[in-house]
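Asker: Sharing a structure, written as C-alpha cells. Questions coming.
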Amino acid sequence: MPEPTKKDETETENALPPPEQKTPQDGGTEKGKDEDDTSVSTPPADGMSKPSERKDSVWSIGETAPEEAEKRDDSQRSTLFIEKPQSGTVSVGGNITFIAKVEAKDLLRKPNVKWFKGKWMDLASKAGKHLQLKESFERHTKIHTFEMHIIQAKENYAGNYRCEVSYKDKFDSCSFDLEVTESSQAAPSIDIRSAFKRSGDGQDDAGELDFSGLLKRREVKQQEEEPEVDVWELLKNANPSEYEKIAFQYGITDLRGMLKRLKRMRREVKKSAAFAKGLDPAYQVDKGGKVRFMVELADPTVELKWYKNGQEIRPSAKYIFEHKGNQRILFINNCTMTDDARYYVTAGDEKCSTELFVRDPPILVTKGLEDTSTYVGERVELSCEVSEDDANVKWFKNGVELTNEPKSRYRIKVEGKKHTLIIEEAAKNDNATYSVMTTGGQSEAKLSVDLRPLKISLALEDQTVRLGQEIHLKCEISENVEGKWYKNGQLVEASDRVKLYHKGRIHRFIIASAAVDDEGEYMFVPDAYNINIPCKVHVVDPPKLHLDGLGENNTVTVVAGTKLRLEIPITGEPTPKVMWSKGDKWITDSGRIRAETYSDSSCLVIDTAEREDSGPFRITLKNEAGEDSALINIKVVDVPDPPQAPNVTEVGEDWCVMTWDPPANDGGSPILGYFIERKKKQSSRWMRLNFELCKETTFEPKKMIEGVAYEVRVFAVNAIGTSKPSMPSKSFVPLAVTSPPTLLAVDSVTDTSVTMKWRPPDHIGAAGLDGYVVEYCFEGTDEWIVANPELTDKTKFTITGLPTGSKILVRVKAVNAAGESEPRYHPQPILVKEVIEPPKIRLPRHLKQTYTRRVGETVNLVIPFQGRPRAKVSWQKNGSPIDKNQINIRNTENDTIIFIRKAERSHSGEYDMKVEVENLVDKATIDIQIVDRPGPPEVVTIEDVWGENVNLSWKPPKDDGNAAITGYTIQKADKKSMEWFTVIEHYHRTSATINELVIGNEYYFRVFAENMCGLSEDATMTKESALIAKDGKVYKYPVYDDFDFTERPLFTQPLVNTFAVAGYNATLNCSVRGNPKPKITWLKNKVAILNDPRYRMFGNQGVCTLEIRKPSPYDGGTYTCRAVNELGEAEVDCKLEVKGGLSFFKLLMDGVPPHIIDAYMREVQADKTEGK
C-alpha cells in the first residue's frame, strides 16, 4: 500500500486534541505495514483486507477514513520488481544483505530506487561504516540489481524497512522486516520513558538515541532512586501546554509518537458485549523479556484471533496461546525492538487493542571531561568516553546545545566510544563551562583561554617618500590580535585612499599615493595590550613637468605662417629654474623664438612659424630636490603636393578600377585620404565621386554609361587642407561581358551523349550576346574540353562521343565583344548512362475531378508525365481505343495533349491514360463531361383554377443536357394577345401556383427547363387554357405539410491529394452541406488536431479550409475532414506530401520541370545516404 504523504502526518499532529476532548471510538480499522508484502491477513471483524502501517513509522490518529484505507491495495501499483527484498534475521555484530531486482527491458533509462527505514527515513543519507548501498546492471539479461548491506548490525537496527522503485509514471514498493537477535544477558531495568528515547520523529530510526529532551544539566554521580512514575497517567491528566515540560522532566524525546498513541488510548471505548475484560491501554517490557496479554470473553465459544500491526499471529515458539476458562492469554517471548507495535484481538465483530513498548538500556559516560587551560589561537580538544559505540551524544556550552554544522566554530568528532569537541582557534569568548550529556548521565569541565605575552618581532621604520609614491608601514608582533593606527595622535580609519591590512601577526598601513599632508608621526597600538609602535614619515616634492596636454611623443603641430605660444605647467618646491634649448643653442627671453618663465609654468613663443622651425626642443627644471627634463617636438605643417595622374587598370560594364601614387610631399602632415572626380571626355564639368575620404590609393568609380569615354583625377587631403588636383587620366570606355547563363540543367542522357539546356544570362549589356561555349571535363581531372568549336546561339546542346559509364562535369559560358562571361557549372557530376526513370503521371489538380465543358467549346488538356527512356503513351475512352478522327492526341517526351476542337456530347466519358517505360506502367483516368442546354419539360397540366390562382404541374425533361436540372422558368400569355410574360424564374419544383391573374381573362402557360448551360431552346405549353371566372368562389386552401429541410452531412467537393513545399504555407479545401449545420473536425493520421498553433481551421458558406503554417517533412501524411450532425456523419481524406524546402521551391520558381527536380532531389538524397 502506498505510504501516507508527509502532509497528512503534519496535519494530524496539528489536529491533536487536548486531554479533556473526547475522540471518536476506535471502530476496529487500524493501519499498519504488513510484515510480508505478499501476505495480508483478514480479521473477521472487518470483513475485508486492511493492511496497516507500523506505529513506529507513522502513528495514525484517525485522519484517514476507513473506506479510503480499504480501497488502497498493492495490486493497483505498477509491478516493476522481478525480485523483492525478503525479511531476514541477523545476530548482533553480523552482516546481512537485502537484494531487489528490476527488469530494464521496457525502460529507456535507469529507474530511481530509494531505501527507507520506517516511514520517512531515507537511508541514502545514512550510508557509511554500517550501511552501504550498491547497484549494478547486467547487459545480457537487462536486469538492474540494487543491494543494501548492513555491516556489524546492532540491536537497534531491527525494524521495518521499505524499498521503493519508480520510473516516470510507474511505481512499486516492497516492505520487509529485519530482526536482530541479541545475547542472553538480561536488559537493565528502566522505566517506560526509555521506550521513547529514539530519534527520527516517530520513525524506526535504527534505535539511535535523541537527547533533545535532556537539556537539563545533570551530574555523573549516582543519583538516588526515584519512585516509579506513571508517565501515561501524567500525560492523560495534564494540560497540553504542559506536555513539553513533562517530556523534558522525564527524558522523553519521542514525544510526538507518545502523543499519537495517547490520542488513540483516549478514544472512548463503548461497553463490549464480547469482552468481559479487555486489554490494558499499553504494556511495557524490557528487550529480551516476556510479556503477557490477557482478555476475558463473555462467551467462551466465540472464535478469537490475535493481530500484530494488522497481521494475524500464529502459534510458535515466540508466540504462545493459553485458554483458562473464559480467559484467553498470549505470551510473547524474547521481545525485540520489532515487537514494539500495536496489537489487537478480535472476537466476532468486536475487537480490543493495546500498545506494546520495548525498552532500550541507557548510555553511560564512562570517562568524563577534564578542565583545560590554553592561550588565544590554540587548538582545543575536550574528550569523553561512553558505554556504547557511535552513541548519540549532545554537547553544551553554558547550557546551550552545540551543533556540528559546517559554518560552526565547533567540530564534533566521534571515534567508537570516544567523543571529542574540537575548537581550532580558541578565542576569549570561548571561556565557558562545557558539558556532554547522554541518556544515562553527563559530565562537564571548564575551559580557560588567556592572552599570550606580546613581543615586537618587527618594529615600524622611519620613511622619506616622494610626493605621489607609496607609503608602506609594516610591523610584526608575536600574537594574532587586532590593533589601531594613529597619525599625530589621531585615529586613522581605513578608506579608499588609506588601506589597513591584518594577516596573522603582520599589520600593514598603505597609502598608494603620498600627499604633502601625509607627513607626520604614525603609531600602531595592538588591542588588549598597553604598548605602541611609532615611526615618522617625511614627504618631499622634486620638480616635475606636466605634459599631459601635449600630443603623442610630446609633439606640437603648428601651421606654417601662424604664431605658436606653448605653455608647460611645472611644479616643485622650491620653485625650479627653467632652461629651453634646441640642439646646442640656448633660447633666451627675446627674439622671434623666445622663452617666458612664471612661478607655475613656462612658455615657448614662436611669432611666425616656418618649416625650418620643425624639430625637438628641450626643457630642463632644477631645484634642491632634483631635476626633470623633456623633449618637445615642434612640427610645422602645410597642405600636400598634388598626386601623379591616375591609371585605369580595369574596365567593366558601368565601372572601372583606378590606381595612383601618393604625392611626393605630404606637407609635414600624414595624408588622411583622397577625393576622386570624373567627367565625360567631351565635357568640362567635373563631378565629385566620394564625399568620404578614400583611405587607399585605389578606387572603383561606378554608375557610368556603357560605351561613353571618361576621364578621372585625384586630390590629396591632410589635416591642413586639400591639395591641387592631379593631371587627368587617359580616357577610357566602360564595356563588360554578360552575366553567366542561368538554370543549367540536364535535358537527357544516353549511353554516349549528354544533352544540356540553359537559359540566357540575366544581364547582357550593350555589347550584346554572340553565343555560348559548352565545356566539359571528366570527373577527377582539371582539363576542360570545348564541346562546340564554333559558338552556338541556341540554349540547348548535345555533347556526343562520350564513353559509357563515365562521369563528366559541364559548364557553359556566354560570349560577346567584351569576352567570355563567368562560367555556369552544373552542380553535380553527370553519369553517361541511360537511366530508367519509372513512369509517373502528374495529373493536374483540376483534372482529378470531373472536367466539364459545354457543347461547341474547345477541349485542350495538357497532362505532364515523367519516364525515361522512350516513354510510350496510350489512350482509351470507356475501355475502347480513341477515334483519332474526332479527338487529336499529341505526345512529347514530357507531356501528352488531348485536343477536341469542337466538343460534342458524344465526347463525354472516362479517358484512361497509360504511360509505359519497358515493363513499368503508370495509369490515370480523366472524367470529361460535355454538357448542353436541356430539352423542354414533358406535359404541362393545369391541375386547378380558383379565384385569381392557377395550379400547374409538369414532368422533368427527358433530355437533361448531360447536366443536372437546376430550375424552371414559367411564363403566362393572355389568350387574346398571346404575348408571353415571365412569372417565375429559377423554380426548382415540378408544380407551382400562379397568383394575381386578371378576373375574366383566359390564360395559357408554358415552362422552360434550365441547367448549368441555360434555358432549354423550346418550352412546353398547356394544351388547355385557364379561365379566371368573374363570380367569386370560396377557395379552400389545401393543407401542406412542412417541408423537411434536414439532411445528413454530404461532401459536395472532396479533398484532393497534393504536395507542399517545406517552409511555405499550404491549404487543404473541401465543401460540405447538411442541416443542421454539421460540426467540422480535422484529423491527421486519424488523430484529431486540437489547439495546435501550426494549424488554422476556418469555414465559410460550407467551404472548409485547413491551413498548415510553414510545414516540414514531418507534417506529411493523411489528413481527414469529418462532418457530424445529429443525422449522421461523413468524412473525406487526402494525402499531403511535403517536399524539398528552399532548394525545391527555388528550382520550381526558376521554371525547372517538376520531374527534373524530383530526379535531382533523389540523387542528392542518395549521395547523402552513401556518405553515411
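In the C-alpha cells, chains take the letters A, B, ... in the order shown, each chain's residues start at 1, and ligands count up from 1 in the order shown.
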Quick one: everything within 9 Å of segment 531-535 of chain A, counting only C-alpha atoms, minus sequence neighbours fewer than 5 positions away in the same chain. Send it as a compact mmCIF listing (two decimals) with N, CA, C and O atoms, in the first residue's frame.
Answerer:
# COMPACT_ATOMS: atom_id res chain seq x y z
N LEU A 454 52.97 39.66 24.74
CA LEU A 454 53.19 40.22 23.41
C LEU A 454 54.66 40.63 23.24
O LEU A 454 55.24 41.28 24.11
N ILE A 456 57.44 42.35 20.13
CA ILE A 456 57.52 43.04 18.84
C ILE A 456 58.61 42.37 18.02
O ILE A 456 59.80 42.50 18.31
N ALA A 459 59.60 46.16 14.19
CA ALA A 459 59.08 47.49 14.52
C ALA A 459 58.91 48.32 13.25
O ALA A 459 59.47 48.02 12.19
N LEU A 460 58.14 49.43 13.37
CA LEU A 460 57.97 50.36 12.25
C LEU A 460 59.26 51.14 12.04
O LEU A 460 59.99 51.44 13.00
N GLU A 461 59.53 51.52 10.75
CA GLU A 461 60.73 52.26 10.41
C GLU A 461 60.37 53.63 9.85
O GLU A 461 59.35 53.78 9.15
N ASP A 462 61.23 54.65 10.19
CA ASP A 462 61.02 55.99 9.62
C ASP A 462 61.23 55.94 8.10
O ASP A 462 62.11 55.23 7.61
N GLN A 463 60.41 56.74 7.37
CA GLN A 463 60.48 56.72 5.91
C GLN A 463 60.48 58.13 5.35
O GLN A 463 59.85 59.03 5.92
N LEU A 473 53.91 51.10 5.63
CA LEU A 473 54.37 50.87 7.00
C LEU A 473 54.02 49.44 7.38
O LEU A 473 52.89 49.00 7.19
N CYS A 475 54.64 46.25 10.47
CA CYS A 475 55.17 45.78 11.75
C CYS A 475 54.68 44.37 11.99
O CYS A 475 53.68 43.93 11.42
N GLY A 520 54.05 63.16 8.88
CA GLY A 520 53.74 63.22 10.30
C GLY A 520 54.27 62.02 11.04
O GLY A 520 55.06 61.23 10.51
N GLU A 521 53.82 61.87 12.34
CA GLU A 521 54.23 60.76 13.20
C GLU A 521 53.10 59.72 13.23
O GLU A 521 51.95 60.06 13.52
N TYR A 522 53.45 58.46 12.95
CA TYR A 522 52.48 57.37 12.91
C TYR A 522 52.76 56.40 14.04
O TYR A 522 53.92 56.27 14.49
N MET A 523 51.69 55.68 14.48
CA MET A 523 51.83 54.78 15.63
C MET A 523 50.80 53.65 15.50
O MET A 523 49.65 53.88 15.09
N PHE A 524 51.22 52.40 15.81
CA PHE A 524 50.32 51.25 15.83
C PHE A 524 50.16 50.76 17.26
O PHE A 524 51.15 50.56 17.97
N VAL A 525 48.89 50.56 17.73
CA VAL A 525 48.59 50.13 19.09
C VAL A 525 47.80 48.83 19.02
O VAL A 525 46.67 48.82 18.52
N PRO A 526 48.36 47.65 19.49
CA PRO A 526 47.60 46.38 19.48
C PRO A 526 46.45 46.43 20.48
O PRO A 526 46.56 47.03 21.56
Asker: Near Ser683 of chain A, within 12 Å and counting only C-alpha atoms, which residues show up once chain neighbours fewer than 2 positions away are dropped, as an NGL selection string?
Answerer: :A and (678-681 or 685-687 or 708-711)
Asker: Can you write out the residues you just picked, keeping C-alpha atoms, as a short mmCIF file (atom, residue, chain, number, x, y, z; two decimals), in the first residue's frame?
Answerer:
data_model
loop_
_atom_site.label_atom_id
_atom_site.label_comp_id
_atom_site.auth_asym_id
_atom_site.auth_seq_id
_atom_site.Cartn_x
_atom_site.Cartn_y
_atom_site.Cartn_z
CA ARG A 678 35.39 62.22 -63.09
CA LYS A 679 33.97 63.78 -66.26
CA LYS A 680 32.99 62.80 -69.77
CA LYS A 681 35.79 63.38 -72.23
CA ARG A 685 32.25 69.61 -65.81
CA TRP A 686 33.99 67.54 -63.13
CA MET A 687 31.83 65.52 -60.67
CA VAL A 708 30.91 56.59 -73.23
CA ALA A 709 34.53 57.87 -72.81
CA TYR A 710 35.52 59.20 -69.34
CA GLU A 711 38.50 60.82 -67.53
#
Asker: List every residue of segment 619-729 of chain A that DSSP, applied to the backbone of this structure, places in strand (DSSP E), and write the result as an MDAnalysis selection string.
Answerer: chainID A and resid 619:623 626:637 647:651 656:659 671:680 687:688 698:699 710:718
Asker: Taking 5 positions as the minimum chain separation for residues in the same chain, which residues sit within 10 Å of Ile994 of chain A when counting only C-alpha atoms? Answer as a PyMOL selection string.
Answerer: chain A and resi 945+948-952+970-972+983-984+1005
Asker: Under the rule that only C-alpha atoms are counted, which of A:Phe1059, A:Trp306, A:Tyr772, A:Tyr283 is the nearest residue to Gly1117 of chain A?
Answerer: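 Using only C-alpha atoms, Gly1117 of chain A sits closest to A:Phe1059.
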Asker: Do you know which residues are at most 7 Å from Thr557 of chain A counting only C-alpha atoms, after dropping those on the same chain fewer than 2 positions away, and could you put them as an NGL selection string?
Answerer: :A and (555 or 559 or 634-637)
Asker: Filtering to N, CA, C and O atoms, could you give me those residues as a compact mmCIF listing (two decimals), in the first residue's frame?
Answerer:
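File written: out-v4.txt
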# COMPACT_ATOMS: atom_id res chain seq x y z
N THR A 555 54.46 65.86 -29.18
CA THR A 555 54.52 66.58 -30.46
C THR A 555 53.49 67.69 -30.48
O THR A 555 52.31 67.46 -30.12
N VAL A 559 50.62 75.32 -37.89
CA VAL A 559 50.50 75.58 -39.33
C VAL A 559 51.49 76.68 -39.71
O VAL A 559 51.66 77.68 -38.99
N ILE A 634 58.39 70.14 -32.14
CA ILE A 634 57.61 71.16 -32.84
C ILE A 634 57.54 70.77 -34.30
O ILE A 634 58.57 70.52 -34.94
N LYS A 635 56.32 70.67 -34.83
CA LYS A 635 56.11 70.26 -36.21
C LYS A 635 55.33 71.34 -36.94
O LYS A 635 54.19 71.64 -36.57
N VAL A 636 55.93 71.91 -38.02
CA VAL A 636 55.28 72.93 -38.84
C VAL A 636 54.76 72.24 -40.10
O VAL A 636 55.53 71.61 -40.83
N VAL A 637 53.45 72.33 -40.33
CA VAL A 637 52.82 71.57 -41.41
C VAL A 637 52.18 72.51 -42.41
O VAL A 637 51.90 73.69 -42.13
Asker: What's the separation between atom CA of Asp584 of chain A and atom CA of Lys622 of chain A, in Å to one decimal place?
Answerer: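 Atom CA of Lys622 of chain A lies at a distance of 18.8 Å from atom CA of Asp584 of chain A.
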Asker: Find the residues around Glu1024 of chain A up to 9 Å (only C-alpha atoms counted), leave out those fewer than 4 positions away in its own chain, and share them as a ChimeraX atom specification.
Answerer: /A:941-942,1003-1005
Asker: Go ahead and write the residues just picked, all heavy atoms, as an mmCIF file, in the first residue's frame.
Answerer:
data_model
loop_
_atom_site.group_PDB
_atom_site.id
_atom_site.type_symbol
_atom_site.label_atom_id
_atom_site.label_comp_id
_atom_site.auth_asym_id
_atom_site.auth_seq_id
_atom_site.Cartn_x
_atom_site.Cartn_y
_atom_site.Cartn_z
ATOM 1 N N THR A 941 -49.609 20.475 -67.147
ATOM 2 C CA THR A 941 -51.047 20.275 -66.873
ATOM 3 C C THR A 941 -51.534 21.342 -65.909
ATOM 4 O O THR A 941 -50.833 21.708 -64.964
ATOM 5 C CB THR A 941 -51.274 18.883 -66.264
ATOM 6 O OG1 THR A 941 -50.692 17.898 -67.110
ATOM 7 C CG2 THR A 941 -52.758 18.596 -66.100
ATOM 8 N N ILE A 942 -52.779 21.839 -66.197
ATOM 9 C CA ILE A 942 -53.452 22.750 -65.254
ATOM 10 C C ILE A 942 -54.209 21.876 -64.277
ATOM 11 O O ILE A 942 -55.190 21.215 -64.630
ATOM 12 C CB ILE A 942 -54.409 23.712 -65.986
ATOM 13 C CG1 ILE A 942 -53.608 24.583 -66.976
ATOM 14 C CG2 ILE A 942 -55.180 24.581 -65.001
ATOM 15 C CD1 ILE A 942 -54.472 25.482 -67.818
ATOM 16 N N TYR A 1003 -55.950 32.276 -69.857
ATOM 17 C CA TYR A 1003 -54.506 32.234 -69.942
ATOM 18 C C TYR A 1003 -54.017 30.867 -70.401
ATOM 19 O O TYR A 1003 -54.623 29.822 -70.109
ATOM 20 C CB TYR A 1003 -53.863 32.518 -68.579
ATOM 21 C CG TYR A 1003 -54.079 33.934 -68.083
ATOM 22 C CD1 TYR A 1003 -55.161 34.246 -67.267
ATOM 23 C CD2 TYR A 1003 -53.190 34.940 -68.434
ATOM 24 C CE1 TYR A 1003 -55.359 35.538 -66.814
ATOM 25 C CE2 TYR A 1003 -53.390 36.238 -67.973
ATOM 26 C CZ TYR A 1003 -54.465 36.526 -67.166
ATOM 27 O OH TYR A 1003 -54.655 37.803 -66.701
ATOM 28 N N TYR A 1004 -52.873 30.938 -71.164
ATOM 29 C CA TYR A 1004 -52.087 29.761 -71.477
ATOM 30 C C TYR A 1004 -50.764 29.884 -70.682
ATOM 31 O O TYR A 1004 -50.280 30.990 -70.430
ATOM 32 C CB TYR A 1004 -51.782 29.656 -72.968
ATOM 33 C CG TYR A 1004 -52.968 29.181 -73.781
ATOM 34 C CD1 TYR A 1004 -53.796 30.079 -74.432
ATOM 35 C CD2 TYR A 1004 -53.229 27.809 -73.876
ATOM 36 C CE1 TYR A 1004 -54.886 29.640 -75.176
ATOM 37 C CE2 TYR A 1004 -54.322 27.372 -74.631
ATOM 38 C CZ TYR A 1004 -55.150 28.280 -75.262
ATOM 39 O OH TYR A 1004 -56.215 27.851 -75.975
ATOM 40 N N PHE A 1005 -50.140 28.754 -70.402
ATOM 41 C CA PHE A 1005 -48.888 28.734 -69.647
ATOM 42 C C PHE A 1005 -47.880 27.824 -70.347
ATOM 43 O O PHE A 1005 -48.273 26.847 -71.010
ATOM 44 C CB PHE A 1005 -49.112 28.217 -68.219
ATOM 45 C CG PHE A 1005 -50.068 29.054 -67.421
ATOM 46 C CD1 PHE A 1005 -51.432 28.744 -67.418
ATOM 47 C CD2 PHE A 1005 -49.633 30.150 -66.709
ATOM 48 C CE1 PHE A 1005 -52.328 29.517 -66.693
ATOM 49 C CE2 PHE A 1005 -50.529 30.912 -65.982
ATOM 50 C CZ PHE A 1005 -51.878 30.605 -65.972
#
Asker: Under the rule that only C-alpha atoms are counted, which of A:Val92, A:Cys1104, A:Leu80, A:Val449 is the nearest residue to Lys428 of chain A?
Answerer: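 Of the candidates, the smallest distance to Lys428 of chain A is held by A:Val449.
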Asker: Could you name the residues that touch Phe778 of chain A at 9 Å or less, counting only C-alpha atoms, but leaving out those on the same chain fewer than 5 positions away, as number ranges by chain?
Answerer: A: 783-784, 806-810, 829
Asker: Go ahead and save the picked residues with C-alpha atoms, as a compact mmCIF listing (two decimals), in the first residue's frame.
Answerer:
# COMPACT_ATOMS: atom_id res chain seq x y z
CA GLU A 783 41.28 19.51 -68.19
CA TRP A 784 38.23 21.26 -69.67
CA SER A 806 31.97 7.85 -67.24
CA LYS A 807 31.11 10.93 -65.17
CA ILE A 808 31.58 14.43 -66.55
CA LEU A 809 31.36 17.97 -65.20
CA VAL A 810 29.75 20.55 -67.52
CA PRO A 829 28.75 15.11 -61.94
Asker: Which residue is closest to Val180 of chain A? Choose from A:Gly667, A:Val102, A:Cys335, A:His986 and count only C-alpha atoms.
Answerer: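 Closest candidate: A:Cys335.
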Asker: Among the residues of segment 471-667 of chain A, find those DSSP assigns to helix (DSSP H, G or I) from the backbone and print them as a ChimeraX atom specification.
Answerer: /A:516-518,552-554,611-613
Asker: Save the residues we just selected, all heavy atoms, as a PDB file, in the first residue's frame?
Answerer:
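Once everything was written out, this is selection.pdb:
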ATOM      1  N   VAL A 516      51.367  65.878   0.418  1.00  0.00           N
ATOM      2  CA  VAL A 516      52.138  66.685   1.376  1.00  0.00           C
ATOM      3  C   VAL A 516      51.558  66.560   2.773  1.00  0.00           C
ATOM      4  O   VAL A 516      52.280  66.517   3.775  1.00  0.00           O
ATOM      5  CB  VAL A 516      52.173  68.158   0.906  1.00  0.00           C
ATOM      6  CG1 VAL A 516      52.880  69.024   1.943  1.00  0.00           C
ATOM      7  CG2 VAL A 516      52.850  68.259  -0.446  1.00  0.00           C
ATOM      8  N   ASP A 517      50.210  66.439   2.869  1.00  0.00           N
ATOM      9  CA  ASP A 517      49.557  66.355   4.172  1.00  0.00           C
ATOM     10  C   ASP A 517      49.787  65.020   4.869  1.00  0.00           C
ATOM     11  O   ASP A 517      49.442  64.874   6.050  1.00  0.00           O
ATOM     12  CB  ASP A 517      48.045  66.578   4.012  1.00  0.00           C
ATOM     13  CG  ASP A 517      47.731  67.975   3.524  1.00  0.00           C
ATOM     14  OD1 ASP A 517      48.581  68.860   3.713  1.00  0.00           O
ATOM     15  OD2 ASP A 517      46.629  68.169   2.950  1.00  0.00           O
ATOM     16  N   ASP A 518      50.331  64.032   4.151  1.00  0.00           N
ATOM     17  CA  ASP A 518      50.555  62.733   4.768  1.00  0.00           C
ATOM     18  C   ASP A 518      51.806  62.707   5.642  1.00  0.00           C
ATOM     19  O   ASP A 518      52.095  61.689   6.285  1.00  0.00           O
ATOM     20  CB  ASP A 518      50.684  61.650   3.676  1.00  0.00           C
ATOM     21  CG  ASP A 518      49.379  61.436   2.933  1.00  0.00           C
ATOM     22  OD1 ASP A 518      48.326  61.615   3.559  1.00  0.00           O
ATOM     23  OD2 ASP A 518      49.414  61.113   1.729  1.00  0.00           O
ATOM     24  N   GLU A 552      50.928  62.854 -28.945  1.00  0.00           N
ATOM     25  CA  GLU A 552      51.766  61.672 -28.877  1.00  0.00           C
ATOM     26  C   GLU A 552      53.230  62.054 -29.085  1.00  0.00           C
ATOM     27  O   GLU A 552      53.563  62.858 -29.963  1.00  0.00           O
ATOM     28  CB  GLU A 552      51.319  60.667 -29.947  1.00  0.00           C
ATOM     29  CG  GLU A 552      52.053  59.336 -29.864  1.00  0.00           C
ATOM     30  CD  GLU A 552      51.563  58.363 -30.906  1.00  0.00           C
ATOM     31  OE1 GLU A 552      50.632  58.747 -31.667  1.00  0.00           O
ATOM     32  OE2 GLU A 552      52.101  57.258 -30.978  1.00  0.00           O
ATOM     33  N   ASN A 553      54.131  61.452 -28.279  1.00  0.00           N
ATOM     34  CA  ASN A 553      55.568  61.750 -28.321  1.00  0.00           C
ATOM     35  C   ASN A 553      55.863  63.231 -28.061  1.00  0.00           C
ATOM     36  O   ASN A 553      56.835  63.780 -28.562  1.00  0.00           O
ATOM     37  CB  ASN A 553      56.169  61.339 -29.664  1.00  0.00           C
ATOM     38  CG  ASN A 553      56.050  59.847 -29.889  1.00  0.00           C
ATOM     39  OD1 ASN A 553      56.140  59.054 -28.944  1.00  0.00           O
ATOM     40  ND2 ASN A 553      55.819  59.448 -31.130  1.00  0.00           N
ATOM     41  N   ASN A 554      54.994  63.878 -27.270  1.00  0.00           N
ATOM     42  CA  ASN A 554      55.154  65.306 -26.931  1.00  0.00           C
ATOM     43  C   ASN A 554      55.287  66.165 -28.195  1.00  0.00           C
ATOM     44  O   ASN A 554      56.141  67.051 -28.281  1.00  0.00           O
ATOM     45  CB  ASN A 554      56.373  65.513 -26.029  1.00  0.00           C
ATOM     46  CG  ASN A 554      56.205  64.823 -24.687  1.00  0.00           C
ATOM     47  OD1 ASN A 554      55.072  64.582 -24.255  1.00  0.00           O
ATOM     48  ND2 ASN A 554      57.305  64.509 -24.026  1.00  0.00           N
ATOM     49  N   ARG A 611      58.868  76.327 -41.814  1.00  0.00           N
ATOM     50  CA  ARG A 611      59.136  74.891 -41.884  1.00  0.00           C
ATOM     51  C   ARG A 611      60.471  74.545 -41.221  1.00  0.00           C
ATOM     52  O   ARG A 611      60.644  73.452 -40.675  1.00  0.00           O
ATOM     53  CB  ARG A 611      59.157  74.416 -43.339  1.00  0.00           C
ATOM     54  CG  ARG A 611      57.751  74.274 -43.955  1.00  0.00           C
ATOM     55  CD  ARG A 611      57.778  73.417 -45.216  1.00  0.00           C
ATOM     56  NE  ARG A 611      56.439  73.247 -45.755  1.00  0.00           N
ATOM     57  CZ  ARG A 611      56.139  72.474 -46.801  1.00  0.00           C
ATOM     58  NH1 ARG A 611      57.129  71.814 -47.407  1.00  0.00           N
ATOM     59  NH2 ARG A 611      54.902  72.357 -47.240  1.00  0.00           N
ATOM     60  N   GLU A 612      61.451  75.486 -41.246  1.00  0.00           N
ATOM     61  CA  GLU A 612      62.752  75.226 -40.638  1.00  0.00           C
ATOM     62  C   GLU A 612      62.670  75.157 -39.115  1.00  0.00           C
ATOM     63  O   GLU A 612      63.607  74.699 -38.446  1.00  0.00           O
ATOM     64  CB  GLU A 612      63.771  76.301 -41.048  1.00  0.00           C
ATOM     65  CG  GLU A 612      64.167  76.270 -42.525  1.00  0.00           C
ATOM     66  CD  GLU A 612      63.086  76.810 -43.426  1.00  0.00           C
ATOM     67  OE1 GLU A 612      62.113  77.415 -42.906  1.00  0.00           O
ATOM     68  OE2 GLU A 612      63.159  76.600 -44.658  1.00  0.00           O
ATOM     69  N   ASP A 613      61.578  75.667 -38.530  1.00  0.00           N
ATOM     70  CA  ASP A 613      61.430  75.625 -37.070  1.00  0.00           C
ATOM     71  C   ASP A 613      61.081  74.225 -36.567  1.00  0.00           C
ATOM     72  O   ASP A 613      61.062  73.987 -35.354  1.00  0.00           O
ATOM     73  CB  ASP A 613      60.353  76.615 -36.621  1.00  0.00           C
ATOM     74  CG  ASP A 613      60.743  78.060 -36.932  1.00  0.00           C
ATOM     75  OD1 ASP A 613      61.959  78.327 -36.980  1.00  0.00           O
ATOM     76  OD2 ASP A 613      59.822  78.886 -37.105  1.00  0.00           O
TER      77      ASP A 613
END
Asker: For the atom pair atom CA of Gly867 of chain A and atom CA of Ala745 of chain A, what is the interatomic distance in Å to one decimal place?
Answerer: 16.9 Å
